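> One file: target.pdb (PDB, C-alpha atoms).
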MODEL        1
ATOM      1  CA  MET J   1    -235.465  42.658  23.494  1.00  0.00           C
ATOM      2  CA  LYS J   2    -233.186  40.052  21.962  1.00  0.00           C
ATOM      3  CA  ILE J   3    -229.787  40.289  23.651  1.00  0.00           C
ATOM      4  CA  LEU J   4    -226.515  38.705  22.555  1.00  0.00           C
ATOM      5  CA  VAL J   5    -224.066  38.176  25.426  1.00  0.00           C
ATOM      6  CA  THR J   6    -220.384  37.501  24.803  1.00  0.00           C
ATOM      7  CA  ASN J   7    -216.984  38.070  26.430  1.00  0.00           C
ATOM      8  CA  ASP J   8    -213.250  37.588  25.979  1.00  0.00           C
ATOM      9  CA  ASP J   9    -212.618  35.429  29.071  1.00  0.00           C
ATOM     10  CA  GLY J  10    -214.321  32.460  27.440  1.00  0.00           C
ATOM     11  CA  ILE J  11    -217.436  30.363  27.879  1.00  0.00           C
ATOM     12  CA  TYR J  12    -216.383  29.112  31.318  1.00  0.00           C
ATOM     13  CA  SER J  13    -216.093  32.556  32.928  1.00  0.00           C
ATOM     14  CA  PRO J  14    -218.332  33.256  35.960  1.00  0.00           C
ATOM     15  CA  GLY J  15    -218.573  36.853  34.753  1.00  0.00           C
ATOM     16  CA  LEU J  16    -220.306  35.686  31.586  1.00  0.00           C
ATOM     17  CA  SER J  17    -222.837  33.709  33.592  1.00  0.00           C
ATOM     18  CA  CYS J  18    -223.519  36.704  35.867  1.00  0.00           C
ATOM     19  CA  LEU J  19    -224.089  39.035  32.921  1.00  0.00           C
ATOM     20  CA  ALA J  20    -226.359  36.592  31.100  1.00  0.00           C
ATOM     21  CA  LYS J  21    -228.463  36.206  34.250  1.00  0.00           C
ATOM     22  CA  CYS J  22    -228.770  39.970  34.745  1.00  0.00           C
ATOM     23  CA  ALA J  23    -229.516  40.559  31.059  1.00  0.00           C
ATOM     24  CA  SER J  24    -232.359  38.023  31.120  1.00  0.00           C
ATOM     25  CA  LYS J  25    -234.423  40.572  33.060  1.00  0.00           C
ATOM     26  CA  TYR J  26    -234.656  42.582  29.832  1.00  0.00           C
ATOM     27  CA  GLY J  27    -235.593  39.948  27.297  1.00  0.00           C
ATOM     28  CA  GLU J  28    -234.402  36.875  25.434  1.00  0.00           C
ATOM     29  CA  VAL J  29    -230.693  36.193  25.914  1.00  0.00           C
ATOM     30  CA  ILE J  30    -228.403  34.238  23.600  1.00  0.00           C
ATOM     31  CA  VAL J  31    -224.837  33.517  24.704  1.00  0.00           C
ATOM     32  CA  MET J  32    -222.061  33.190  22.122  1.00  0.00           C
ATOM     33  CA  ALA J  33    -218.602  33.225  23.720  1.00  0.00           C
ATOM     34  CA  PRO J  34    -215.103  32.061  22.756  1.00  0.00           C
ATOM     35  CA  ASP J  35    -214.300  28.442  23.528  1.00  0.00           C
ATOM     36  CA  VAL J  36    -210.981  29.545  25.089  1.00  0.00           C
ATOM     37  CA  GLU J  37    -209.794  32.748  26.724  1.00  0.00           C
ATOM     38  CA  GLN J  38    -209.220  35.580  24.233  1.00  0.00           C
ATOM     39  CA  SER J  39    -208.110  38.388  26.551  1.00  0.00           C
ATOM     40  CA  SER J  40    -206.415  41.424  24.959  1.00  0.00           C
ATOM     41  CA  MET J  41    -207.416  40.139  21.519  1.00  0.00           C
ATOM     42  CA  GLY J  42    -208.720  43.580  20.576  1.00  0.00           C
ATOM     43  CA  GLN J  43    -210.679  43.869  17.335  1.00  0.00           C
ATOM     44  CA  ALA J  44    -209.109  40.779  15.757  1.00  0.00           C
ATOM     45  CA  ILE J  45    -211.288  38.732  13.413  1.00  0.00           C
ATOM     46  CA  THR J  46    -210.624  35.268  12.012  1.00  0.00           C
ATOM     47  CA  SER J  47    -210.188  35.432   8.235  1.00  0.00           C
ATOM     48  CA  ALA J  48    -207.699  32.671   7.354  1.00  0.00           C
ATOM     49  CA  LYS J  49    -209.796  29.745   8.569  1.00  0.00           C
ATOM     50  CA  PRO J  50    -213.475  28.939   9.134  1.00  0.00           C
ATOM     51  CA  ILE J  51    -215.307  29.676  12.384  1.00  0.00           C
ATOM     52  CA  THR J  52    -217.368  26.963  14.028  1.00  0.00           C
ATOM     53  CA  TYR J  53    -219.693  26.891  16.996  1.00  0.00           C
ATOM     54  CA  LYS J  54    -221.148  24.216  19.273  1.00  0.00           C
ATOM     55  CA  LYS J  55    -223.613  24.032  22.112  1.00  0.00           C
ATOM     56  CA  SER J  56    -222.070  25.285  25.329  1.00  0.00           C
ATOM     57  CA  PRO J  57    -220.791  22.662  27.796  1.00  0.00           C
ATOM     58  CA  ILE J  58    -221.823  25.109  30.522  1.00  0.00           C
ATOM     59  CA  HIS J  59    -225.495  25.228  31.423  1.00  0.00           C
ATOM     60  CA  PHE J  60    -227.049  28.703  31.398  1.00  0.00           C
ATOM     61  CA  GLU J  61    -230.451  28.251  32.991  1.00  0.00           C
ATOM     62  CA  GLY J  62    -233.176  29.000  30.452  1.00  0.00           C
ATOM     63  CA  ILE J  63    -230.655  30.547  28.023  1.00  0.00           C
ATOM     64  CA  GLU J  64    -229.446  29.199  24.690  1.00  0.00           C
ATOM     65  CA  ALA J  65    -225.635  29.225  24.756  1.00  0.00           C
ATOM     66  CA  PHE J  66    -222.849  28.401  22.303  1.00  0.00           C
ATOM     67  CA  ARG J  67    -219.050  28.262  22.309  1.00  0.00           C
ATOM     68  CA  VAL J  68    -217.283  29.709  19.266  1.00  0.00           C
ATOM     69  CA  SER J  69    -213.880  28.826  17.825  1.00  0.00           C
ATOM     70  CA  GLY J  70    -212.932  32.444  17.379  1.00  0.00           C
ATOM     71  CA  THR J  71    -212.366  35.861  18.864  1.00  0.00           C
ATOM     72  CA  PRO J  72    -214.863  38.083  20.721  1.00  0.00           C
ATOM     73  CA  ALA J  73    -215.425  40.038  17.496  1.00  0.00           C
ATOM     74  CA  ASP J  74    -216.052  36.734  15.685  1.00  0.00           C
ATOM     75  CA  CYS J  75    -218.685  35.833  18.273  1.00  0.00           C
ATOM     76  CA  VAL J  76    -220.553  39.070  17.600  1.00  0.00           C
ATOM     77  CA  ALA J  77    -220.270  38.710  13.825  1.00  0.00           C
ATOM     78  CA  LEU J  78    -221.518  35.126  13.936  1.00  0.00           C
ATOM     79  CA  GLY J  79    -224.315  35.989  16.341  1.00  0.00           C
ATOM     80  CA  ALA J  80    -225.458  38.872  14.149  1.00  0.00           C
ATOM     81  CA  HIS J  81    -225.469  36.503  11.159  1.00  0.00           C
ATOM     82  CA  LEU J  82    -227.364  33.663  12.831  1.00  0.00           C
ATOM     83  CA  PHE J  83    -229.824  35.844  14.728  1.00  0.00           C
ATOM     84  CA  ASP J  84    -230.591  38.823  12.527  1.00  0.00           C
ATOM     85  CA  ASP J  85    -232.898  40.534  15.014  1.00  0.00           C
ATOM     86  CA  ILE J  86    -230.404  41.171  17.822  1.00  0.00           C
ATOM     87  CA  ASP J  87    -231.254  44.442  19.585  1.00  0.00           C
ATOM     88  CA  ILE J  88    -228.155  44.835  21.739  1.00  0.00           C
ATOM     89  CA  VAL J  89    -224.818  43.143  22.489  1.00  0.00           C
ATOM     90  CA  LEU J  90    -223.505  42.935  26.058  1.00  0.00           C
ATOM     91  CA  SER J  91    -219.866  41.951  26.496  1.00  0.00           C
ATOM     92  CA  GLY J  92    -218.376  40.794  29.817  1.00  0.00           C
ATOM     93  CA  ILE J  93    -218.298  40.840  32.679  1.00  0.00           C
ATOM     94  CA  ASN J  94    -214.550  40.954  32.193  1.00  0.00           C
ATOM     95  CA  ILE J  95    -212.394  39.805  35.099  1.00  0.00           C
ATOM     96  CA  GLY J  96    -210.172  42.873  35.171  1.00  0.00           C
ATOM     97  CA  SER J  97    -210.874  46.508  34.444  1.00  0.00           C
ATOM     98  CA  ASN J  98    -210.864  48.055  30.975  1.00  0.00           C
ATOM     99  CA  LEU J  99    -210.018  51.649  31.766  1.00  0.00           C
ATOM    100  CA  GLY J 100    -208.181  54.389  29.914  1.00  0.00           C
ATOM    101  CA  ASN J 101    -205.955  53.279  27.066  1.00  0.00           C
ATOM    102  CA  SER J 102    -206.690  49.598  27.645  1.00  0.00           C
ATOM    103  CA  ALA J 103    -209.737  50.300  25.479  1.00  0.00           C
ATOM    104  CA  TRP J 104    -207.452  49.899  22.453  1.00  0.00           C
ATOM    105  CA  HIS J 105    -206.651  46.226  23.021  1.00  0.00           C
ATOM    106  CA  SER J 106    -209.540  45.057  25.194  1.00  0.00           C
ATOM    107  CA  GLY J 107    -211.347  42.090  23.667  1.00  0.00           C
ATOM    108  CA  THR J 108    -214.321  42.879  25.878  1.00  0.00           C
ATOM    109  CA  LEU J 109    -214.752  46.410  24.575  1.00  0.00           C
ATOM    110  CA  SER J 110    -213.891  45.349  21.020  1.00  0.00           C
ATOM    111  CA  ALA J 111    -216.809  42.917  21.003  1.00  0.00           C
ATOM    112  CA  ALA J 112    -219.144  45.786  21.882  1.00  0.00           C
ATOM    113  CA  ARG J 113    -217.476  47.928  19.227  1.00  0.00           C
ATOM    114  CA  GLN J 114    -217.926  45.155  16.657  1.00  0.00           C
ATOM    115  CA  ALA J 115    -221.637  45.220  17.414  1.00  0.00           C
ATOM    116  CA  VAL J 116    -221.794  48.922  16.571  1.00  0.00           C
ATOM    117  CA  LEU J 117    -220.056  48.217  13.252  1.00  0.00           C
ATOM    118  CA  PHE J 118    -223.008  45.932  12.469  1.00  0.00           C
ATOM    119  CA  GLY J 119    -225.508  48.612  13.454  1.00  0.00           C
ATOM    120  CA  ILE J 120    -226.280  47.082  16.875  1.00  0.00           C
ATOM    121  CA  ARG J 121    -225.812  48.796  20.236  1.00  0.00           C
ATOM    122  CA  GLY J 122    -222.837  47.498  22.212  1.00  0.00           C
ATOM    123  CA  ILE J 123    -222.111  47.684  25.945  1.00  0.00           C
ATOM    124  CA  ALA J 124    -218.914  46.398  27.576  1.00  0.00           C
ATOM    125  CA  LEU J 125    -218.797  45.582  31.284  1.00  0.00           C
ATOM    126  CA  SER J 126    -215.682  44.913  33.389  1.00  0.00           C
ATOM    127  CA  VAL J 127    -214.765  44.669  37.076  1.00  0.00           C
ATOM    128  CA  SER J 128    -211.490  45.484  38.794  1.00  0.00           C
ATOM    129  CA  VAL J 129    -209.637  42.650  40.502  1.00  0.00           C
ATOM    130  CA  GLY J 130    -207.265  42.327  43.427  1.00  0.00           C
ATOM    131  CA  GLN J 131    -205.620  39.257  44.889  1.00  0.00           C
ATOM    132  CA  ASN J 132    -208.927  37.388  44.798  1.00  0.00           C
ATOM    133  CA  GLU J 133    -211.355  36.928  41.923  1.00  0.00           C
ATOM    134  CA  PRO J 134    -214.511  39.050  42.016  1.00  0.00           C
ATOM    135  CA  ASP J 135    -217.542  37.896  43.997  1.00  0.00           C
ATOM    136  CA  PHE J 136    -220.107  37.957  41.207  1.00  0.00           C
ATOM    137  CA  ASN J 137    -222.988  37.162  43.552  1.00  0.00           C
ATOM    138  CA  ALA J 138    -222.188  40.342  45.472  1.00  0.00           C
ATOM    139  CA  LEU J 139    -221.654  42.291  42.242  1.00  0.00           C
ATOM    140  CA  GLU J 140    -224.956  41.240  40.664  1.00  0.00           C
ATOM    141  CA  PRO J 141    -227.187  44.019  42.109  1.00  0.00           C
ATOM    142  CA  PHE J 142    -224.714  46.649  40.871  1.00  0.00           C
ATOM    143  CA  VAL J 143    -224.773  45.088  37.407  1.00  0.00           C
ATOM    144  CA  VAL J 144    -228.571  45.203  37.443  1.00  0.00           C
ATOM    145  CA  ASP J 145    -228.502  48.885  38.478  1.00  0.00           C
ATOM    146  CA  SER J 146    -226.037  49.817  35.728  1.00  0.00           C
ATOM    147  CA  LEU J 147    -228.066  47.997  33.068  1.00  0.00           C
ATOM    148  CA  LYS J 148    -231.193  49.753  34.298  1.00  0.00           C
ATOM    149  CA  GLU J 149    -229.344  53.036  33.690  1.00  0.00           C
ATOM    150  CA  VAL J 150    -228.412  52.294  30.080  1.00  0.00           C
ATOM    151  CA  MET J 151    -230.433  49.512  28.459  1.00  0.00           C
ATOM    152  CA  HIS J 152    -233.068  51.820  27.024  1.00  0.00           C
ATOM    153  CA  GLU J 153    -230.746  54.741  26.155  1.00  0.00           C
ATOM    154  CA  SER J 154    -231.000  53.941  22.459  1.00  0.00           C
ATOM    155  CA  SER J 155    -229.136  57.066  21.332  1.00  0.00           C
ATOM    156  CA  MET J 156    -225.927  55.805  22.970  1.00  0.00           C
ATOM    157  CA  GLU J 157    -224.454  53.198  20.638  1.00  0.00           C
ATOM    158  CA  LEU J 158    -221.267  52.248  22.503  1.00  0.00           C
ATOM    159  CA  LEU J 159    -220.757  52.249  26.268  1.00  0.00           C
ATOM    160  CA  ASN J 160    -217.895  51.085  28.465  1.00  0.00           C
ATOM    161  CA  ILE J 161    -218.914  50.209  32.039  1.00  0.00           C
ATOM    162  CA  ASN J 162    -216.367  49.495  34.776  1.00  0.00           C
ATOM    163  CA  PHE J 163    -217.088  48.364  38.325  1.00  0.00           C
ATOM    164  CA  PRO J 164    -214.664  48.796  41.230  1.00  0.00           C
ATOM    165  CA  ARG J 165    -213.864  45.768  43.385  1.00  0.00           C
ATOM    166  CA  ASN J 166    -216.248  47.034  46.077  1.00  0.00           C
ATOM    167  CA  PRO J 167    -218.836  49.316  44.453  1.00  0.00           C
ATOM    168  CA  SER J 168    -220.385  52.071  46.545  1.00  0.00           C
ATOM    169  CA  GLY J 169    -223.556  51.995  44.475  1.00  0.00           C
ATOM    170  CA  GLU J 170    -222.899  55.415  42.961  1.00  0.00           C
ATOM    171  CA  ILE J 171    -222.885  55.562  39.140  1.00  0.00           C
ATOM    172  CA  THR J 172    -220.821  58.247  37.426  1.00  0.00           C
ATOM    173  CA  TRP J 173    -220.747  59.158  33.738  1.00  0.00           C
ATOM    174  CA  THR J 174    -217.115  59.628  32.786  1.00  0.00           C
ATOM    175  CA  CYS J 175    -214.678  60.354  29.972  1.00  0.00           C
ATOM    176  CA  GLN J 176    -211.859  58.037  28.956  1.00  0.00           C
ATOM    177  CA  SER J 177    -208.511  58.561  30.663  1.00  0.00           C
ATOM    178  CA  VAL J 178    -205.939  58.995  27.882  1.00  0.00           C
ATOM    179  CA  ARG J 179    -203.075  60.814  29.602  1.00  0.00           C
ATOM    180  CA  HIS J 180    -201.034  57.693  30.282  1.00  0.00           C
ATOM    181  CA  TYR J 181    -200.346  54.344  28.696  1.00  0.00           C
ATOM    182  CA  ASP J 182    -199.500  51.533  31.096  1.00  0.00           C
ATOM    183  CA  GLY J 183    -198.071  48.964  28.682  1.00  0.00           C
ATOM    184  CA  LYS J 184    -194.421  47.937  28.704  1.00  0.00           C
ATOM    185  CA  VAL J 185    -192.150  45.053  27.684  1.00  0.00           C
ATOM    186  CA  ILE J 186    -190.148  43.148  30.308  1.00  0.00           C
ATOM    187  CA  GLN J 187    -187.120  41.066  29.314  1.00  0.00           C
ATOM    188  CA  GLN J 188    -186.439  37.823  31.185  1.00  0.00           C
ATOM    189  CA  GLU J 189    -184.565  34.568  30.770  1.00  0.00           C
ATOM    190  CA  ASP J 190    -185.958  31.038  30.761  1.00  0.00           C
ATOM    191  CA  PRO J 191    -184.242  28.207  32.724  1.00  0.00           C
ATOM    192  CA  MET J 192    -182.016  27.512  29.695  1.00  0.00           C
ATOM    193  CA  GLY J 193    -180.732  31.096  29.655  1.00  0.00           C
ATOM    194  CA  ARG J 194    -182.665  32.083  26.553  1.00  0.00           C
ATOM    195  CA  GLU J 195    -184.180  35.554  26.387  1.00  0.00           C
ATOM    196  CA  HIS J 196    -187.916  35.996  26.248  1.00  0.00           C
ATOM    197  CA  TYR J 197    -190.232  38.958  26.653  1.00  0.00           C
ATOM    198  CA  TRP J 198    -193.510  39.724  28.406  1.00  0.00           C
ATOM    199  CA  PHE J 199    -195.833  42.483  27.288  1.00  0.00           C
ATOM    200  CA  THR J 200    -197.371  43.575  30.571  1.00  0.00           C
ATOM    201  CA  VAL J 201    -198.693  46.636  32.407  1.00  0.00           C
ATOM    202  CA  PHE J 202    -197.439  48.723  35.297  1.00  0.00           C
ATOM    203  CA  PRO J 203    -199.582  50.577  37.838  1.00  0.00           C
ATOM    204  CA  ILE J 204    -200.387  54.252  37.251  1.00  0.00           C
ATOM    205  CA  GLU J 205    -201.169  56.212  40.397  1.00  0.00           C
ATOM    206  CA  ASP J 206    -202.243  59.711  39.373  1.00  0.00           C
ATOM    207  CA  VAL J 207    -205.635  60.068  37.708  1.00  0.00           C
ATOM    208  CA  GLU J 208    -207.549  62.869  35.993  1.00  0.00           C
ATOM    209  CA  ASP J 209    -210.751  64.008  37.678  1.00  0.00           C
ATOM    210  CA  GLY J 210    -213.904  62.949  35.883  1.00  0.00           C
ATOM    211  CA  THR J 211    -212.279  60.044  34.043  1.00  0.00           C
ATOM    212  CA  ASP J 212    -213.081  56.356  34.144  1.00  0.00           C
ATOM    213  CA  ARG J 213    -209.956  55.581  36.179  1.00  0.00           C
ATOM    214  CA  TRP J 214    -210.810  58.347  38.649  1.00  0.00           C
ATOM    215  CA  ALA J 215    -214.371  57.092  39.178  1.00  0.00           C
ATOM    216  CA  VAL J 216    -213.359  53.483  39.806  1.00  0.00           C
ATOM    217  CA  LYS J 217    -210.636  54.608  42.214  1.00  0.00           C
ATOM    218  CA  GLN J 218    -213.391  56.461  44.115  1.00  0.00           C
ATOM    219  CA  GLY J 219    -215.422  53.249  44.378  1.00  0.00           C
ATOM    220  CA  ARG J 220    -217.940  54.401  41.787  1.00  0.00           C
ATOM    221  CA  THR J 221    -219.293  52.547  38.784  1.00  0.00           C
ATOM    222  CA  SER J 222    -217.981  54.265  35.657  1.00  0.00           C
ATOM    223  CA  ILE J 223    -220.024  54.557  32.455  1.00  0.00           C
ATOM    224  CA  THR J 224    -218.120  56.029  29.507  1.00  0.00           C
ATOM    225  CA  PRO J 225    -219.968  56.859  26.262  1.00  0.00           C
ATOM    226  CA  MET J 226    -217.760  56.150  23.238  1.00  0.00           C
ATOM    227  CA  ILE J 227    -217.821  56.580  19.464  1.00  0.00           C
ATOM    228  CA  LEU J 228    -216.223  54.833  16.494  1.00  0.00           C
ATOM    229  CA  ASP J 229    -214.958  57.993  14.779  1.00  0.00           C
ATOM    230  CA  LEU J 230    -211.176  58.365  15.318  1.00  0.00           C
ATOM    231  CA  THR J 231    -210.956  61.639  13.388  1.00  0.00           C
ATOM    232  CA  ASP J 232    -209.110  64.483  15.117  1.00  0.00           C
ATOM    233  CA  LYS J 233    -211.897  67.004  14.594  1.00  0.00           C
ATOM    234  CA  LYS J 234    -209.775  70.003  15.635  1.00  0.00           C
ATOM    235  CA  VAL J 235    -207.105  69.308  12.996  1.00  0.00           C
ATOM    236  CA  TYR J 236    -209.743  68.431  10.399  1.00  0.00           C
ATOM    237  CA  GLU J 237    -211.528  71.751  10.942  1.00  0.00           C
ATOM    238  CA  GLU J 238    -208.262  73.730  10.882  1.00  0.00           C
ATOM    239  CA  LYS J 239    -207.080  72.128   7.631  1.00  0.00           C
ATOM    240  CA  ASN J 240    -210.431  72.721   5.959  1.00  0.00           C
ATOM    241  CA  GLY J 241    -210.899  76.279   7.223  1.00  0.00           C
ATOM    242  CA  ILE J 242    -213.974  75.377   9.249  1.00  0.00           C
ATOM    243  CA  SER J 243    -214.699  77.772  12.075  1.00  0.00           C
ATOM    244  CA  LYS J 244    -217.324  77.393  14.723  1.00  0.00           C
TER     245      LYS J 244
ENDMDL
END
Output the file's structure as structure tokens, nothing else.

Amino acid sequence: MKILVTNDDGIYSPGLSCLAKCASKYGEVIVMAPDVEQSSMGQAITSAKPITYKKSPIHFEGIEAFRVSGTPADCVALGAHLFDDIDIVLSGINIGSNLGNSAWHSGTLSAARQAVLFGIRGIALSVSVGQNEPDFNALEPFVVDSLKEVMHESSMELLNINFPRNPSGEITWTCQSVRHYDGKVIQQEDPMGREHYWFTVFPIEDVEDGTDRWAVKQGRTSITPMILDLTDKKVYEEKNGISK
């Protein structure tokens, strides 16, 4: 397989290095990642200026790696253009979970989604964080196990994988939690008394059984199959008189 690995945390992220290493067990790996952090960039693409890329300043042992002056979606688009025989795109490992409604603005998941738009399978991988950054050496065997579960499932175009801080080793197939949205705006003042605003998140405690948030809270690795189609099928069928 020829595997393109990217992320939204940037070329210097230890999660990127961990994923590239694990992916190399499945074939040739090429790394194309943003030159700076692009978290919460979503599906943004760069259209008002050119995109450039350079050799990575970080050494990925035995792996060709580049830093890109663009978003995660740009990295996938450029990689698909330069290497037209990419079999699969892996995005991550993001430092921070991408569960529930965070799927809408996650740069990590959007990179995988961009791959699907180009007709390439896309898999996003993220890990929950606490006060300390994740131990990627300890996480590595769980990453290998999750990739073993999905790498050859060619019928599944888009997957969102989330690891808890301390995985139990159990893998659970889940649905996306959509009951709550955890985004909010906080108003503050700077030292000069001027108002400014932070778009942040607040913790949500209750979870729905069988969802991605539920699985990770149970210490399980969550794998959520996703699709690109945003159509509300129930309304579509009602308005067109389609009955099952």
> Could you list the residues chosen by the PyMOL selection byres ((chain J and resi 109) around 12) in this structure as a PyMOL selection string?
chain J and resi 6-8+39-44+72-73+76+89-94+97-108+110-116+122-126+158-162+224-228
> Could you state the separation of CA of Gln131 in chain J and CA of Arg220 in chain J in Å, given to one decimal place?
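CA of Arg220 in chain J lies at a distance of 19.8 Å from CA of Gln131 in chain J.
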> Just give me the residues with any atom within 9 Å of (-192.8, 39.0, 25.5), file coordinates, counting all atoms listed in the file, written as an MDAnalysis selection string.
chainID J and resid 185:188 196:200
> Excluding Gly130 in chain J and residues on its chain fewer than 6 positions from it, collect all residues at most 12 Å away from it, counting only C-alpha atoms, and give them as an MDAnalysis selection string.
chainID J and resid 95:97 164:166
> Please report the interatomic distance between CA of Gln176 in chain J and CA of Asp145 in chain J in Å with one decimal.
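According to the coordinates, CA of Gln176 in chain J and CA of Asp145 in chain J are separated by 21.2 Å.
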> So how many Å separate CA of Thr221 in chain J and CA of Val129 in chain J, to one decimal?
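According to the coordinates, CA of Thr221 in chain J and CA of Val129 in chain J are separated by 13.9 Å.
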> Can you tell me which residues surround Gly169 in chain J at a distance of at most 12 Å, considering all atoms listed in the file, apart from same-chain residues fewer than 3 positions away, and format the answer as a list in words?
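Selected residues are Ala138, Leu139, Glu140, Pro141, Phe142, Val143, Val144, Asp145, Ser146, Phe163, Pro164, Arg165, Asn166, Thr172, Ala215, Val216, Gln218, Gly219, Arg220, Thr221 and Ser222 of chain J.
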> Excluding same-chain residues fewer than 6 positions from Ile30 in chain J, what lies within 9 Å of it counting all atoms listed in the file, as number ranges by chain?
J: 2-6, 20, 63-66, 79
> J:Ser56, J:Ser69, J:Ser177, J:Ser155: which is nearest Trp214 in chain J, counting all atoms listed in the file?
J:Ser177
> For Glu28 in chain J, which residue out of J:Ile51, J:Ile86, J:Ile45, J:Ile242 is the nearest one, using all atoms listed in the file?
J:Ile86
> What are the centre and edge lengths in Å, to one decimal, of the axis-aligned box around all listed atoms of range 178-197 of chain J with 6 Å added on each side, as JSON?

{"center_x": -193.3, "center_y": 44.2, "center_z": 29.5, "size_x": 37.2, "size_y": 45.3, "size_z": 18.5}
> List the neighbours of Ser154 in chain J out to 10 Å using all atoms listed in the file; skip same-chain residues closer than 4 positions along the sequence, and give me the result as a list in words.
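Near Ser154 in chain J, the qualifying residues are Asp87, Ile88, Arg121, Val150 and Leu158 of chain J.
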> Considering only C-alpha atoms, state which residue in the set J:Gln38, J:Ser24, J:Thr174, J:Thr231 is at the smallest distance from Phe60 in chain J.
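Selected residue with least distance to Phe60 in chain J: J:Ser24.
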> How would range 126-140 of chain J read, as a CSV table (one decimal), in the coordinates of the input, once N, CA, C and O atoms are built in?

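For reference, selection-v6.csv as written:
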chain,number,residue,atom,x,y,z
J,126,SER,N,-216.9,45.5,32.8
J,126,SER,CA,-215.7,44.9,33.4
J,126,SER,C,-215.6,45.2,34.9
J,126,SER,O,-216.3,46.2,35.3
J,127,VAL,N,-214.9,44.4,35.6
J,127,VAL,CA,-214.8,44.7,37.1
J,127,VAL,C,-213.3,44.6,37.5
J,127,VAL,O,-212.6,43.7,37.0
J,128,SER,N,-212.9,45.5,38.3
J,128,SER,CA,-211.5,45.5,38.8
J,128,SER,C,-211.2,44.3,39.7
J,128,SER,O,-212.2,43.8,40.3
J,129,VAL,N,-210.0,43.8,39.7
J,129,VAL,CA,-209.6,42.6,40.5
J,129,VAL,C,-208.5,43.0,41.4
J,129,VAL,O,-207.7,43.9,41.2
J,130,GLY,N,-208.4,42.2,42.5
J,130,GLY,CA,-207.3,42.3,43.4
J,130,GLY,C,-206.6,41.0,43.5
J,130,GLY,O,-206.4,40.3,42.5
J,131,GLN,N,-206.3,40.6,44.7
J,131,GLN,CA,-205.6,39.3,44.9
J,131,GLN,C,-206.6,38.1,44.7
J,131,GLN,O,-206.2,37.0,44.3
J,132,ASN,N,-207.9,38.4,45.0
J,132,ASN,CA,-208.9,37.4,44.8
J,132,ASN,C,-209.8,37.7,43.6
J,132,ASN,O,-210.0,38.9,43.2
J,133,GLU,N,-210.4,36.7,43.0
J,133,GLU,CA,-211.4,36.9,41.9
J,133,GLU,C,-212.6,37.6,42.4
J,133,GLU,O,-213.0,37.5,43.6
J,134,PRO,N,-213.3,38.3,41.6
J,134,PRO,CA,-214.5,39.0,42.0
J,134,PRO,C,-215.6,38.1,42.5
J,134,PRO,O,-215.7,37.0,42.1
J,135,ASP,N,-216.4,38.6,43.5
J,135,ASP,CA,-217.5,37.9,44.0
J,135,ASP,C,-218.7,38.3,43.1
J,135,ASP,O,-219.3,39.4,43.4
J,136,PHE,N,-219.1,37.5,42.1
J,136,PHE,CA,-220.1,38.0,41.2
J,136,PHE,C,-221.5,37.9,41.8
J,136,PHE,O,-222.4,38.6,41.4
J,137,ASN,N,-221.7,37.1,42.9
J,137,ASN,CA,-223.0,37.2,43.6
J,137,ASN,C,-223.2,38.5,44.2
J,137,ASN,O,-224.3,39.1,44.2
J,138,ALA,N,-222.1,39.0,44.8
J,138,ALA,CA,-222.2,40.3,45.5
J,138,ALA,C,-222.3,41.5,44.4
J,138,ALA,O,-222.9,42.5,44.7
J,139,LEU,N,-221.7,41.3,43.3
J,139,LEU,CA,-221.7,42.3,42.2
J,139,LEU,C,-223.0,42.4,41.5
J,139,LEU,O,-223.3,43.4,41.0
J,140,GLU,N,-223.8,41.3,41.5
J,140,GLU,CA,-225.0,41.2,40.7
J,140,GLU,C,-225.9,42.4,40.8
J,140,GLU,O,-226.4,43.0,39.8
